[in-house]
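Below: one structure, written as structure tokens.
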Amino acid sequence: MTDAVRRLSETGLRPTPQRVLVYEYLLTHPTHPTADVIYRDVSEKLSTFSRTTVYNTLSALVARGLVRVVRVEDGELRYDGTLKDHGHFKCTRCGGVFDFDIPEQIPLPPGARVDSIDLYLSGICKNCLGTKLKEEF
């Protein structure tokens, strides 16, 4: 039994081939893909996939707490199989979205309680910054 099958079963989701494939994709591709990217990649492996199946599967995975929705820009939903609280950095040059650890102690207003963390930063990633510097010389 794979980890994906076990986790799906533990949350009460029947581990259909489609659910397992989408979930395993997210667990092995920490690139924060959109539903369209997931559809494009998994439909190559299982020709019976439809966009609706991918959207319904993602919705079920999010509802069961197996996957997080990452909103890095208006109108752009991405999906993340990493459940540990962390931040996201989007490169404005290549469009990549990268995880980063956040400090355990974040100054909060007195008496506040944190229920979830959704930290998003944008800029230029290390790879693009290196390319940009080379192009400037």
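Labeling convention for the structure tokens: chains A, B, ... as they appear, residues from 1 per chain, ligands from 1 in order of appearance.
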List every residue of stretch 41-73 of chain A that has an atom at most 8 Å from any atom of stretch 22-27 of chain A, giving for each one its closest atom pair and the distance in Å to one decimal, counting only C-alpha atoms, sorted by chain and then by ascending residue number, as a tab-separated table.
```
residue	atom	partner	partner_atom	distance
A:Val42	CA	A:Val22	CA	7.0
A:Val54	CA	A:Val22	CA	7.2
A:Thr57	CA	A:Val22	CA	7.3
A:Leu58	CA	A:Val22	CA	7.8
A:Leu61	CA	A:Tyr23	CA	7.7
```
Residues of stretch 61-84 of chain A within 10 Å of stretch 32-39 of chain A: nearest atom pair and distance (Å, one decimal) for each, counting only C-alpha atoms, sorted by chain and number, as CSV?
```
residue,atom,partner,partner_atom,distance
A:Arg68,CA,A:His32,CA,9.6
A:Val69,CA,A:His32,CA,8.9
A:Val70,CA,A:His32,CA,7.5
A:Arg71,CA,A:His32,CA,10.0
A:Val72,CA,A:His32,CA,9.9
A:Glu76,CA,A:Thr34,CA,7.6
A:Leu77,CA,A:Thr34,CA,6.1
A:Arg78,CA,A:Thr34,CA,4.4
A:Tyr79,CA,A:His32,CA,5.1
A:Asp80,CA,A:His32,CA,5.2
A:Gly81,CA,A:His32,CA,8.2
A:Thr82,CA,A:His32,CA,9.5
```
Write down as a count of residues only the residues belonging to stretch 3-101 of chain A that are assigned alpha helix (DSSP H) by DSSP computed on the backbone.
-> 42
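Residue nearest A:Ser9 within the list A:Asp101, A:Tyr120, A:Arg64, A:Ser59: A:Arg64 [criterion: smallest interatomic distance, only C-alpha atoms].
Within the 8 Å cut-off around A:Leu119, using only C-alpha atoms and omitting residues fewer than 5 positions from it on the same chain, the listed residues are A:His86, A:Gly87, A:His88.
Of the residues under consideration (A:Gln18, A:Val114, A:Gly65, A:Asp99), A:Gln18 shows the shortest atom-to-atom contact distance to A:Ser50 when counting only C-alpha atoms.
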Contacts of A:Cys94 within 12 Å, only C-alpha atoms, excl. fewer than 5 positions in-chain, as number ranges by chain = A: 89, 122-129, 131-132
Give me every strand (DSSP E or B) residue in stretch 47-133 of chain A, going by DSSP on the backbone, as a ChimeraX atom specification.
-> /A:68-73,76-80,87-91,97-100,119-123
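Ranking A:Arg40, A:Asp85, A:Asn56, A:Ala63 by their shortest atom-to-atom distance to A:Arg19, with only C-alpha atoms included, puts A:Asn56 first.
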